[in-house]
Each structure stands twice: as structure tokens, then as C-alpha cells.
Number of protein chains: 4
Amino acid sequence: MGVVVDGCPAGLPLETSDVQRELDRRRVGQSKVTSPRQEADRVRILSGIFQGLTMGTPISMLVTNEDADSSKYEPIRDVFRPGHADYGYFAKYGVRDYRGGGRSSARETVGRVAAGAIARKLLLSRGIKIVGHTQMIGGIEAGAFVESEIENNLVRCADPEAARQMVDLILKAREEKDSLGGIVEVRVSGLPAGLGEPVFDKLDADIAKGLMSIGAIKGVEFGDGFQAARMRGSEHNDQYRVEEGVVIPITNHGGGVTGGISNGAELVVRAAVKPTSSIEREQQTVDEESRQRTIEIKGRHDPCICPRIVPVAESMVALVLADHLLRNRASRLRAKG
Amino acid sequence: MGVVVDGCPAGLPLETSDVQRELDRRRVGQSKVTSPRQEADRVRILSGIFQGLTMGTPISMLVTNEDADSSKYEPIRDVFRPGHADYGYFAKYGVRDYRGGGRSSARETVGRVAAGAIARKLLLSRGIKIVGHTQMIGGIEAGAFVESEIENNLVRCADPEAARQMVDLILKAREEKDSLGGIVEVRVSGLPAGLGEPVFDKLDADIAKGLMSIGAIKGVEFGDGFQAARMRGSEHNDQYRVEEGVVIPITNHGGGVTGGISNGAELVVRAAVKPTSSIEREQQTVDEESRQRTIEIKGRHDPCICPRIVPVAESMVALVLADHLLRNRASRLRAKG
Amino acid sequence: MGVVVDGCPAGLPLETSDVQRELDRRRVGQSKVTSPRQEADRVRILSGIFQGLTMGTPISMLVTNEDADSSKYEPIRDVFRPGHADYGYFAKYGVRDYRGGGRSSARETVGRVAAGAIARKLLLSRGIKIVGHTQMIGGIEAGAFVESEIENNLVRCADPEAARQMVDLILKAREEKDSLGGIVEVRVSGLPAGLGEPVFDKLDADIAKGLMSIGAIKGVEFGDGFQAARMRGSEHNDQYRVEEGVVIPITNHGGGVTGGISNGAELVVRAAVKPTSSIEREQQTVDEESRQRTIEIKGRHDPCICPRIVPVAESMVALVLADHLLRNRASRLRAKG
Amino acid sequence: MGVVVDGCPAGLPLETSDVQRELDRRRVGQSKVTSPRQEADRVRILSGIFQGLTMGTPISMLVTNEDADSSKYEPIRDVFRPGHADYGYFAKYGVRDYRGGGRSSARETVGRVAAGAIARKLLLSRGIKIVGHTQMIGGIEAGAFVESEIENNLVRCADPEAARQMVDLILKAREEKDSLGGIVEVRVSGLPAGLGEPVFDKLDADIAKGLMSIGAIKGVEFGDGFQAARMRGSEHNDQYRVEEGVVIPITNHGGGVTGGISNGAELVVRAAVKPTSSIEREQQTVDEESRQRTIEIKGRHDPCICPRIVPVAESMVALVLADHLLRNRASRLRAKG
């Protein structure tokens, strides 16, 4: 698994441990609520760093993993798993790699997290901090938001009491050979106003694309999001006040983005995570010869993917923000027409 | 207002009226629930068409409009309108064009609709049909879905009874100098399985970006979307059956996209539209000198933008689908690293 | 003819006359050695400028022209002109617009010059000056380089004596119903060291692409160029000296670019311009039905295109430099892999 | 060294040996006229291939090399080598990796050759064949063109007698602690007419960019190239004839590209290769503290890089052609404006 990060400015302090720490957060096998697979992802930085500083040139990294057992995929080699991209890939390419290591595998998110770690470091050097957490699992919503609690529980929930209920629910779903969905939220503080490009490359549009490109995500919303559709303008508009010479939105219904440009408020984005598609229950499906089949997917799968989506979602937000932050000061001059 | 459409294959029959028809659907001043401005957008195709057929070369179009009255913007020339991008633009560029004709204006959606008209024609020539409609306004949801009713009412709702209630609610909001949000849904039938690129340029990711780049949209979801976050895998997974040799998803909780690739089912995507930001009520805001001010936005503004978002959202979906459809058969060979 | 310039920073003073002046330099009908067609290209800036300053948003321009007489193309409507892209376009698209106004027409360079005018203004505001001139026509080479003479003669040659000989040669070629090629050189002073991206988007690579995308250009070289292929390392290497604390290349065999990155010396690039393809002599060719035909191309064609290529080549260099200059300070952060 | 090839269609037979063979051609240490360094580049294909066929998904490869001795760079760690990008990089980034393994190193061409091998295999499956050769070194030009001789001599020259003289000249230059430049030519047969995009992404423009992005190349020309600048239209125009129903250019002065689109003739492109910059002679230069210094570059450097540029140039041409070939059948639909 290789990943190349292009465009990081020169002079940013960066060590392998900065990347490894985030990969460890993504890793499976961390707890009883995630899959017992033990993938020890180890990252090596191959280029772009010299004497502890980025050089301005592309940074290439290699992530290796020792736990690759593809024998378990034998039983499903010619069958399309419901909820997975198997059938779409087969329709698209006419061939597919049934071993689960392909492009549609969740393994590719390793590269996103490795790249995201660099983006986060860059953002942090400019006072921009990204925090993700699990806001809901299986109907149980976090009430409180205690940031320091997030990494203290198995589901990355900022409300310890809700976290306990979420864990119980996940264990119960596993017993029932079923899985759960949830909502992951990412908050960004310290973001300056003025990020985002007019028309197509709006800040929220790029973040939405980044998040929706994570396989399990089925919806994205900013601020009040779908709830805004039920509000009136007089409720939803974020009015402004001045405080010590600084313009501040009084409320934050818009989630920090207005008309595609950041407005200086905290950026708040939520993503709907579908329940894990791989379940041990019998399901109806078909095979590559268009014959009706049934399938029970054995193996080590997380009954709820939310805790592991948190660092991936943070990474996608970080990559988009870093791109806009750098682009903002020097957009490219291009003639079209 | 100019727009260039690049990449349309040669030989597609295309006339000015194909584009004009869609522009007319977007136009304001159509009814009592939209703004009384009379913008008569007229399109001219300047290049790329010869003897009624596309030539394969870029198609450039010019859309002109006679109703430009910028005097009304005088009172707000140095004040940031809540809910608009005014403040973000000022923070970004240090200058802004207060006349409302800038890049953040809803006027730029004219270009999207003109380009989308060509994409729709291309898709239709391959049996792919796009239908948008207003699914909710101010809490009133469409129950029925009668496609032929959509263009028969002022709000583009497929349920005539709900449409009547929506119109009443909008008129009431206008009287109260307020505005309403809603939900617009786009459905695509005839889409083949296998559209979408692995990893970043997934089909749903690109559609999400396209829709979120429309100024008023605050959320996007596919299939069951945020509702999927409350479901179990055994409920949400779309199992497959074979019917006369064709693989068909039995249910459509995923909205036609699995793992970022189309699966042959109807594509269903919904967008949350915020209430119109320009309202006549007094609001708190600040000006370019960071002084506290109040603002009441006079002028001709739609109290609910949903009916006019429908053709814009259809257009964005059409553009993304056409791009993927053409790209699918011949992805580009690129070396990176 | 529309053109959109994206990415110009806010705050640059820009007037219509800045663009018009460059368009006038490109125009035909200027003299006895160019075609007597009278295309009065008039530019209008439609957006992106407010109160005489760029706004940071895209700048769109419309260039109109009154002298469009396509009747003259009737005789050649189904025949492929030697030296033109007619046959390639027909092979590619299966249709073509024989009226000469298509994408392969030299008319499209109007857009390049309009966009280039903005890029030049931006570069000039940072002390970077671009000067193009005709270095050779039909074997007659400029000896002297007197910059102030360039716009004083009909061929844009910096050597007045050579200019006279070039004009005579062109008039003679016209009498003989033939045409001439030549070499155009562009010099850039004031360019800082460090422009250009590693690996693929090198400064010289992007300039080569820009120049080679002008229809009549068949070769591009930097510094000593093809002559460098006959030199030894000890001759060709540009050694450095320090002068008042500034690093300066002692010679400039490399033309200001080393390893794809600018080195602070004057940038020098030359382009080989082929003789005008449209000549009145009888030539062998075929038609759309693959029948052998002969063709004599009547009409008003420049016997040597070099003088008019000068502003187009300057524009392409300006656009690439402006792009790199803006990009340099803030390259984009991107993950691939 | 990692490289990712994106966009290769599914179903192409591809084995590691297809890539390894081309890497071996690029390798140093092959003969007495190249550097005695023994870099054994070994490629591994990590993804994108399944059961001997490409899958349509990105192909990632890893090229490893055991011969990395960076101690020799110690003496030049703070000095800018004339003819290299050292100074430009330092001006751009403020730091540089003096160890020679950076982005400006010739080592990065390994990735180009690995990717090019896949492109060549794809082109060959469609009857398109790419042959490169050394056309000139140090003033000695190849007279004959005997394709089968190219790989039979140390300089990849298609004229065995000229090859012998070239080798002698190189050995002499090495003794004199100097280096030589030359010209490399790439010919492509079997190319269909109609490749290349209008306006900016012309076929010759993209090839010129690809070749000019190779560090040592200072000029690119198609067909008669700079010689065309001295010709008349009646000489340079390639007239057409019909042979058994096929349109064929009678001559090939244009090198197979007219107006940026391929015309069915053999594609012929030449690149000027500068003499190797690293020479053992004393040269004037400066260091990172702007102090005057002298430098003698010890180490194992090819006195003439032409033989090794041949496979790199072939690869760049192959990558551009494959991209255009795939793109041609399905250009992307894009709205701009």
C-alpha cells in the first residue's frame, strides 16, 4: 500500500510517528467491538522528508501489513456480496479480485489516514484543529460533548454514558449476527473565514465529495443539515456581531460554511454511516453466471464501523481543508474557452 | 453569461430549443410563489454544432438577460447579508461586488442548467432519464409520486394535494416576511450498473459534490441516507435476484449506488435546501468597517427556492452522470508517483 | 468567442484597453505583409472586474468580430487542405465544420491573447517582462537585437536591416503563390529563481506544451536548444558567480531553466513556425469520399505567419509563467495512491 | 520508488517481466560507455493485476534498488552543481536533499519507464509500435536506419558504423573529463488518424510536454521541425493520395501530426539531449551561503546520457499516446464558465 502526498510546503516538522499514531487509531483489532483481525500497519516514509522537515517535494509513504489471509475469500469467489461493490465492479470491468484486497476494500482507507496525518500536522501548525467523534449508533445519540472522553471509550463517543449503551448494543448485534449504522461528526476549530472557491470547488462541496468517497457513507450534511429544510429563514440565518473588532456569527446553523465559503465559525459536518454489509446471516444473491445463490459471510467483521470511520473522516476533512488553505493564497491562473 | 461544454461526443442531435426549454424551467417570475423579477434568459449556441448535430468539439453558449437592475443593491453595498457568502468573499478577496451579480449569485446556475440540458439530451439518447421533484417544503411531505403531476403545479411536487398545501404555506411565509426550506429529490432510471471510479471519484461522491456546490444546499443523501444510520445490516443490504437472466436488486435502500459504483437499480438522491436567506425582516449584521448594523433585505426574492432548485439539481446530476458514462468506457492512462 | 480567466488574484488594476491593445497586435489586416482581411476584434469584459480592479473571481471576456464571410469556404467544403487539421478532424469526429471557424482555426488564438494580456499585466506588476520577436524568416536571421525596433517594422524583427530583407522575401513569396516559415523567440526578464514543479510540471515542459499547442509551431527549444546537443558539458554548463550577494549564472546556455526550475537568468525560448499551409498553388489531396482531388486555396492568407505568432507566443509564455508564479507560493496538498 | 498507473483498461495480459524488461534497458552499468554503478532495479506489481490480466483498477508497482551509496555526496552537500537543478530547488524550497536521490534525480525516470512499459503493451495490443534510437551524438549523425541494429550497440544507434564512431567519441570525452550531448528520435507506426484534442491538449503539445519533462532535454521537434522554418509551404505541406481506399500522406514533413491531430502517417519526434552536467573538471559555482566556490564532481556518471534516454523518451511518448487513445473514444463532458 503506497501513498504519495503532493504539495506539502517545505519546512513542516514531520516524523514517522506522526503518521503511525493516526494509523494505529484506524487499525482493527483494538477492542472487543471491532474485528479481532490483527493488522499491524507499519508506515515508512520513503521520500520528501530530510532532517525531520518536509522538503516541499512529494512525500511518499509505504504501509505494510503482515496479516493477509486470503483463503477465507474462497467460498465467495464468484458470488456478489449484498451491500458491497462486487456486482458493480463486475459489471464495470468484467473481472474482479474476490480476495477483498481490491480497490473497494476498506483497506484503502489506510492511505487516506496516512495522508491525512500530514494534512492535520500542517493545519495544526496554523492553529486549525480537527476533532471527530461518534454522534449516534443504532439510534443511541450522544447527549453531552466532552472532548477528552472521545478516546477513552471503544466507540469514540464524547458522551461516556451513551458510549456504554452503544457498546452493549453492538455486542448484542454481533450475537444476532447483525450489524449497526450510525452518525459520525467532525468539528473544526480555528478555521479562518474565506476558504472555498466560487462556483464548483466550494468548501462544503469538496468536503462532501471527500466524505462520500468513503465506502460506508450514505449521507453528508453541514450544520443543521436536513433539519434546515424544516426551518424558516429567520431561524436558520446566522446573524453577525462584532466582538473586540472581530466579526463573529452569533449562531451556527450553517455549520461554518455560507455559500460555499467558510465564515469563521466552527465547521460542523456529519456523515451517515450505513450498517456493516458483511453479516453472517443468510442472504439472497447471485453469482457471476447469473445463478441464484445464498451467502453467509464468515470472517472477522466489525459489527459497527463508526469508531474506525472517525479517523478516516477526520483525514478526509483535513486533506480538503489543507488543499483549500494552500490554494486560497494562490489560486491558479488558467484560461478556458 | 457564457458556458462551454467540453467532451460531448459528435453526432448528437441538438437544437437551441433543447437548452432554452430547461432555462425556462429555471427562470424566475413564473408564478405567484416565485419572485416577480422577469429575467428572460435567452440562449445562443456559438460553436460546436453544425447542421443540427454536435461536432465533438467544445460547445459554447451565451445566455443573455435584459432585466438587470443593480440600483436596489445600493442600500446593502457595505453590509454582509446573513446567510449569504458576502462576509466569506470579503474575507477571502478583500473586495466584493455588492451588486448581486457575482459568482455567489444564484444567476450562475443559468450556466449549469444550459450545460445540463446537453448532458440530459446525451443521457436520454442512451435510455437514461432524469426526474427531479420537490419532496418536502416547510415540513409538508409529498405522499404520492405521480410523475406526470410534477410540472402541473407551482412547486414541482409529484403529489397534487401536498402541492396545494405547500403553496399555501409559501404564501403565508411571504406575508410574514419569512422564507421556507425543503427537500428536492432526483431519480434516475435506465442507468447501467458499473458507473463510478474506484477510491476517490466514486459516483455518489461526484454527485454529492455537484449538488453541494449549489449555494442553498446543506445536505445530500442517497437511498435511505441518514435513515440508514438507524438500520441494521440485515434490513439495509439490498439482496439480489435474477429475472430473465438480468441481475436485479430486490430492494433499493442504497439508492442505486453500492461502494461508489452504480448497481443497476434506480438512482435516488435527496438534497436539503435551506430557507431563502434574503428576508425582509430586520436582522443583526456588520459592515465592511466591522460596525454593528441592522439590515432588511428588500427586493424580489423567492420565499422558497425548491421549485427552481429542481432543474438545477437535475442538471448537476446529469452532468456528473454524462461525465462518468463517457469516462467509463475509456478511463485515462496516467502515471503518478 | 468567449474566454474565462480563472485564478487571477484580487486587486490587480485591469482595464479593457489592456486587453484590446494586445488583441490589436494579433489582428490581421495590419500591413501589406499580412492578410488584407479586416477583423476588428473588440473585447468586452463581462465579469471579474469591479471599479477597475480584479476581484479574485473568474474574469470572463467576449471578443466579437464583424468580418465573418464563410462563403469563400464553399469550394473546399468536402476536401482536406494539405497542412491543415481537416483530415485528422474528419477521422476523429466523422463530421467537420468546413467554414474555417472551428476549433482548429487560427481565430481561436484570439482567446489566448485576451487571457495572455491579463497574465502579462499580473507579471508586470511583479517586475516580470515578456518580449517576443521574429528571429528568422525564410533563412534570413536577425543579427542585432534592438528591442525598441520590434514594433517599428512589419515583421516584428529586432534588427531593422534584417526586417527589410524579410519583408522583401515575403512579398516575393506571395507573388509566387507560396509561403514562408520562420523562428519566433520569446525572452523573459525579471523572473525569480525557483519557478517550476518537480517531475512532470516542470517550467520548460509547461511552456513547451503551451507553445506547441499553437497550430503552426513544429518545434520548441530553450537556450542553446538543439545546438546544445552538439556541445560538451564543459561548454554548456552555466557556472555561477556571486555579485553583491546575488547568485548569477555567468553564461546562459540553458535559457534560464535548469532541471525544469528557473535559475534566475533570462528565460529564452524559441519556436519553429512552419510556412503557412494555405497557398494558391495546385496541390494533390482527397475528399471526404476518398476520391483523389486537386485544390488551390484562394482567399486572404498571410504568406508568413511569424509577425502574428509573436503576440500569441508571448501570451502562452505569460499564461504558463503566471500559473507557476501563483502556484509556487502555495502548491496544493493532494493524496494519491 | 513507487508508481501508480491509473486508467489501464481491464483484460490486458500483463506480467512483471513486461515491466522488468524495460527497466533493464534503462539501467546503468550496462556497458563501458555508461556509468559503472550497478543499480539492479527490481519491480514488483502490488495491485491491479489478477490471474495475469489487468483488472481496470489502478496498477501500483514498487521498484527497489540495492545500490544506494549517498556518502559520495558529502563533498557537494552545500554547493550548487552547474547544470543541475540544485540552485533552483534551493531558491524554491529553502531546503534541499543533497544526496542525489531527490525529485530532480535521474532516478525518478525509473517510474516513467515502469509506467511506460504498461502503456507500450496496451498500444502494441492495438497495433501501435514505438521505436526509439540515438540519431546523433557529439556531431556524429546516424546515416542509415536499420531498426534491428538498435539494441546491438552500446549507444542504441540504428547505423552500426556511426555507432562505432559515437562510442569512440564518448570514450575520448570521458578521458578528457568531459561529456557529450546528442539527439534521440522516437518513431511510432500504426497510429490511427484522429488522435489529439482541439486547442490546448493537442497531440504534439502533450508529447512535447512529456519529453521536455525529462531533465536533460532542451528541445523537441516534430517531422522537419526547426528545418521547416526554412522551407516554403509548397515544400512542407504533406499532400494526400488514396491507396486502396485509404487516405495516405504522400510525404511526411509534418511528422504525423497536423494542427495537433494525428494524420495517419508515422509519428516522428526528436529531442535534443544536453551533455551530462556532472563532469570531473573544475567549475565555478557558489554555495548555500552565497560564497564563491569551485567544484569537481567525482563519481560514476555517464559521459553521454543518450542511450539511456531512449527508453525514457519511448515511455513518455507511449504514456501520452495511450492517454489520447483511450480519451479519444470518450472525451469527458465538462461544463466550465
# chains A, B, ... in the order shown; residues from 1 in each chain; ligands from 1
>>> interface_residues(of="chain A", to="chain D", cutoff="9 Å", atoms="only C-alpha atoms", output="count of residues only")
31
>>> select_by_dssp(residues="segment 210-322 of chain A", states="strand (DSSP E)", output="VMD selection string")
chain A and resid 217 to 222 240 to 243 246 to 249 257 to 258 261 to 262 267 to 273 283 to 286 292 to 295
>>> atom_distance(atom1="atom CA of Glu314 of chain B", atom2="atom CA of Ala229 of chain B")
25.9 Å
>>> select_by_dssp(residues="segment 2-188 of chain C", states="alpha helix (DSSP H)", output="CSV table (one decimal) with N, CA, C and O atoms, in the first residue's frame")
chain,number,residue,atom,x,y,z
C,16,THR,N,-10.2,47.4,-19.9
C,16,THR,CA,-10.5,46.8,-21.2
C,16,THR,C,-9.3,47.1,-22.2
C,16,THR,O,-8.9,46.3,-23.0
C,17,SER,N,-8.8,48.3,-22.1
C,17,SER,CA,-7.8,48.7,-23.1
C,17,SER,C,-6.5,47.9,-22.9
C,17,SER,O,-5.8,47.7,-23.9
C,18,ASP,N,-6.2,47.3,-21.7
C,18,ASP,CA,-5.1,46.4,-21.5
C,18,ASP,C,-5.2,45.2,-22.4
C,18,ASP,O,-4.2,44.7,-23.0
C,19,VAL,N,-6.4,44.7,-22.6
C,19,VAL,CA,-6.7,43.5,-23.4
C,19,VAL,C,-6.7,43.9,-24.8
C,19,VAL,O,-6.2,43.2,-25.7
C,20,GLN,N,-7.4,45.0,-25.1
C,20,GLN,CA,-7.7,45.4,-26.5
C,20,GLN,C,-6.3,45.7,-27.2
C,20,GLN,O,-6.2,45.3,-28.4
C,21,ARG,N,-5.4,46.3,-26.5
C,21,ARG,CA,-4.1,46.6,-27.1
C,21,ARG,C,-3.4,45.3,-27.6
C,21,ARG,O,-2.9,45.3,-28.7
C,22,GLU,N,-3.5,44.3,-26.9
C,22,GLU,CA,-2.8,43.0,-27.3
C,22,GLU,C,-3.6,42.4,-28.4
C,22,GLU,O,-3.0,41.8,-29.4
C,23,LEU,N,-4.9,42.4,-28.4
C,23,LEU,CA,-5.7,41.9,-29.5
C,23,LEU,C,-5.4,42.6,-30.8
C,23,LEU,O,-5.3,42.0,-31.9
C,24,ASP,N,-5.2,43.9,-30.7
C,24,ASP,CA,-4.8,44.7,-31.9
C,24,ASP,C,-3.5,44.3,-32.5
C,24,ASP,O,-3.3,44.3,-33.7
C,25,ARG,N,-2.6,43.9,-31.6
C,25,ARG,CA,-1.3,43.4,-32.1
C,25,ARG,C,-1.5,42.1,-32.9
C,25,ARG,O,-0.7,41.8,-33.8
C,26,ARG,N,-2.4,41.3,-32.5
C,26,ARG,CA,-2.6,40.0,-33.1
C,26,ARG,C,-3.4,40.1,-34.4
C,26,ARG,O,-3.3,39.2,-35.3
C,86,ASP,N,-7.8,19.3,-41.2
C,86,ASP,CA,-9.1,18.9,-41.8
C,86,ASP,C,-9.2,17.3,-41.7
C,86,ASP,O,-10.2,16.8,-41.3
C,87,TYR,N,-8.2,16.7,-42.3
C,87,TYR,CA,-8.3,15.2,-42.4
C,87,TYR,C,-8.4,14.6,-41.0
C,87,TYR,O,-9.1,13.7,-40.7
C,88,GLY,N,-7.5,15.0,-40.1
C,88,GLY,CA,-7.5,14.5,-38.7
C,88,GLY,C,-8.8,14.7,-38.0
C,88,GLY,O,-9.3,13.8,-37.4
C,89,TYR,N,-9.4,15.9,-38.1
C,89,TYR,CA,-10.7,16.1,-37.5
C,89,TYR,C,-11.8,15.2,-38.1
C,89,TYR,O,-12.6,14.7,-37.4
C,90,PHE,N,-11.7,15.0,-39.4
C,90,PHE,CA,-12.7,14.2,-40.0
C,90,PHE,C,-12.5,12.7,-39.5
C,90,PHE,O,-13.5,12.0,-39.2
C,91,ALA,N,-11.3,12.3,-39.4
C,91,ALA,CA,-11.0,10.9,-38.9
C,91,ALA,C,-11.5,10.8,-37.5
C,91,ALA,O,-11.9,9.7,-37.0
C,92,LYS,N,-11.4,11.9,-36.7
C,92,LYS,CA,-11.7,11.8,-35.3
C,92,LYS,C,-13.2,11.8,-35.0
C,92,LYS,O,-13.7,11.1,-34.3
C,93,TYR,N,-13.8,12.8,-35.6
C,93,TYR,CA,-15.2,13.1,-35.3
C,93,TYR,C,-16.2,12.6,-36.3
C,93,TYR,O,-17.4,12.5,-36.0
C,109,THR,N,-6.9,31.7,-31.4
C,109,THR,CA,-5.8,32.3,-30.7
C,109,THR,C,-6.2,33.7,-30.1
C,109,THR,O,-5.5,34.2,-29.3
C,110,VAL,N,-7.3,34.2,-30.6
C,110,VAL,CA,-7.8,35.5,-30.0
C,110,VAL,C,-8.0,35.3,-28.5
C,110,VAL,O,-7.6,36.1,-27.7
C,111,GLY,N,-8.6,34.1,-28.1
C,111,GLY,CA,-8.8,33.9,-26.7
C,111,GLY,C,-7.5,33.8,-25.9
C,111,GLY,O,-7.4,34.3,-24.8
C,112,ARG,N,-6.5,33.2,-26.6
C,112,ARG,CA,-5.2,33.1,-25.9
C,112,ARG,C,-4.6,34.5,-25.6
C,112,ARG,O,-4.0,34.7,-24.6
C,113,VAL,N,-4.7,35.3,-26.6
C,113,VAL,CA,-4.1,36.7,-26.5
C,113,VAL,C,-4.9,37.5,-25.4
C,113,VAL,O,-4.3,38.2,-24.6
C,114,ALA,N,-6.2,37.4,-25.4
C,114,ALA,CA,-7.0,38.1,-24.4
C,114,ALA,C,-6.6,37.6,-23.0
C,114,ALA,O,-6.4,38.5,-22.1
C,115,ALA,N,-6.5,36.3,-22.8
C,115,ALA,CA,-6.2,35.8,-21.5
C,115,ALA,C,-4.7,36.2,-21.2
C,115,ALA,O,-4.4,36.6,-20.1
C,116,GLY,N,-3.9,36.1,-22.2
C,116,GLY,CA,-2.5,36.4,-22.0
C,116,GLY,C,-2.3,37.9,-21.6
C,116,GLY,O,-1.3,38.2,-20.8
C,117,ALA,N,-3.1,38.8,-22.1
C,117,ALA,CA,-3.0,40.2,-21.7
C,117,ALA,C,-3.1,40.4,-20.2
C,117,ALA,O,-2.4,41.2,-19.6
C,118,ILE,N,-4.0,39.6,-19.6
C,118,ILE,CA,-4.2,39.7,-18.1
C,118,ILE,C,-3.0,39.1,-17.4
C,118,ILE,O,-2.5,39.7,-16.5
C,119,ALA,N,-2.5,38.0,-17.9
C,119,ALA,CA,-1.3,37.3,-17.3
C,119,ALA,C,-0.1,38.3,-17.4
C,119,ALA,O,0.6,38.4,-16.4
C,120,ARG,N,0.0,39.0,-18.5
C,120,ARG,CA,1.1,39.9,-18.7
C,120,ARG,C,1.1,41.0,-17.7
C,120,ARG,O,2.1,41.5,-17.2
C,121,LYS,N,-0.1,41.5,-17.5
C,121,LYS,CA,-0.3,42.7,-16.6
C,121,LYS,C,0.1,42.2,-15.2
C,121,LYS,O,0.7,43.0,-14.4
C,122,LEU,N,-0.4,41.0,-14.8
C,122,LEU,CA,0.0,40.5,-13.5
C,122,LEU,C,1.5,40.3,-13.3
C,122,LEU,O,2.1,40.7,-12.3
C,123,LEU,N,2.1,39.8,-14.4
C,123,LEU,CA,3.6,39.5,-14.3
C,123,LEU,C,4.3,40.9,-14.2
C,123,LEU,O,5.3,41.0,-13.4
C,124,LEU,N,3.8,41.8,-15.0
C,124,LEU,CA,4.5,43.2,-15.0
C,124,LEU,C,4.4,43.8,-13.6
C,124,LEU,O,5.3,44.5,-13.1
C,160,PRO,N,16.5,46.1,-37.7
C,160,PRO,CA,15.8,46.8,-38.8
C,160,PRO,C,16.3,46.3,-40.2
C,160,PRO,O,15.5,46.2,-41.1
C,161,GLU,N,17.6,46.1,-40.4
C,161,GLU,CA,18.1,45.7,-41.7
C,161,GLU,C,17.5,44.3,-42.1
C,161,GLU,O,17.0,44.1,-43.2
C,162,ALA,N,17.6,43.4,-41.2
C,162,ALA,CA,17.1,42.1,-41.5
C,162,ALA,C,15.6,42.2,-41.7
C,162,ALA,O,15.0,41.5,-42.6
C,163,ALA,N,14.9,43.0,-41.0
C,163,ALA,CA,13.4,43.2,-41.2
C,163,ALA,C,13.1,43.6,-42.6
C,163,ALA,O,12.2,43.1,-43.2
C,164,ARG,N,13.9,44.5,-43.2
C,164,ARG,CA,13.7,44.9,-44.6
C,164,ARG,C,13.8,43.7,-45.5
C,164,ARG,O,13.0,43.5,-46.4
C,165,GLN,N,14.8,42.9,-45.3
C,165,GLN,CA,15.0,41.8,-46.2
C,165,GLN,C,13.9,40.8,-46.0
C,165,GLN,O,13.5,40.1,-47.0
C,166,MET,N,13.4,40.6,-44.8
C,166,MET,CA,12.3,39.6,-44.6
C,166,MET,C,11.1,40.1,-45.3
C,166,MET,O,10.4,39.3,-45.9
C,167,VAL,N,10.8,41.4,-45.2
C,167,VAL,CA,9.6,41.9,-45.9
C,167,VAL,C,9.7,41.7,-47.4
C,167,VAL,O,8.7,41.2,-48.1
C,168,ASP,N,10.9,42.0,-48.0
C,168,ASP,CA,11.0,41.7,-49.4
C,168,ASP,C,10.8,40.2,-49.8
C,168,ASP,O,10.1,39.9,-50.8
C,169,LEU,N,11.3,39.4,-49.0
C,169,LEU,CA,11.2,37.9,-49.2
C,169,LEU,C,9.7,37.5,-49.1
C,169,LEU,O,9.3,36.7,-49.9
C,170,ILE,N,9.0,38.1,-48.2
C,170,ILE,CA,7.6,37.7,-48.0
C,170,ILE,C,6.8,38.2,-49.2
C,170,ILE,O,6.0,37.4,-49.8
C,171,LEU,N,7.1,39.4,-49.7
C,171,LEU,CA,6.3,39.9,-50.9
C,171,LEU,C,6.6,39.0,-52.1
C,171,LEU,O,5.7,38.8,-52.9
C,172,LYS,N,7.9,38.6,-52.2
C,172,LYS,CA,8.2,37.7,-53.3
C,172,LYS,C,7.5,36.4,-53.2
C,172,LYS,O,7.0,35.9,-54.2
C,173,ALA,N,7.5,35.8,-52.0
C,173,ALA,CA,6.8,34.5,-51.9
C,173,ALA,C,5.3,34.7,-52.2
C,173,ALA,O,4.7,33.8,-52.9
C,174,ARG,N,4.7,35.8,-51.8
C,174,ARG,CA,3.3,36.0,-52.2
C,174,ARG,C,3.1,36.0,-53.7
C,174,ARG,O,2.1,35.4,-54.2
C,175,GLU,N,3.9,36.7,-54.4
C,175,GLU,CA,3.8,36.7,-55.8
C,175,GLU,C,3.9,35.4,-56.4
C,175,GLU,O,3.2,35.0,-57.4
>>> residues_around(residues="Cys306 of chain C", least_positions_apart="3", cutoff="8 Å", atoms="only C-alpha atoms", output="PDB file with C-alpha atoms, in the first residue's frame")
ATOM      1  CA  THR C 134      10.808  37.317 -35.084  1.00  0.00           C
ATOM      2  CA  ILE C 137      12.123  34.243 -41.695  1.00  0.00           C
ATOM      3  CA  VAL C 155       7.633  41.573 -39.234  1.00  0.00           C
ATOM      4  CA  GLY C 181       8.284  29.770 -42.221  1.00  0.00           C
ATOM      5  CA  GLY C 182      10.447  31.255 -39.529  1.00  0.00           C
ATOM      6  CA  ILE C 183      11.517  31.297 -35.910  1.00  0.00           C
ATOM      7  CA  VAL C 184       9.914  33.318 -33.126  1.00  0.00           C
ATOM      8  CA  VAL C 273       6.927  28.262 -37.227  1.00  0.00           C
ATOM      9  CA  ILE C 309       2.560  34.478 -33.886  1.00  0.00           C
ATOM     10  CA  VAL C 310       4.720  36.836 -31.766  1.00  0.00           C
TER      11      VAL C 310
END
>>> atom_distance(atom1="atom CA of Ile150 of chain C", atom2="atom CA of His133 of chain C")
6.5 Å
>>> closest_residue(among="D:Ile207, D:Phe145, D:Asn65, D:Gln284", to="Ile250 of chain C", atoms="only C-alpha atoms")
D:Gln284
>>> residues_around(residues="Ala205 of chain A", least_positions_apart="4", cutoff="7 Å", atoms="only C-alpha atoms", output="PyMOL selection string")
(chain A and resi 201+209) or (chain B and resi 209-210+212-213)
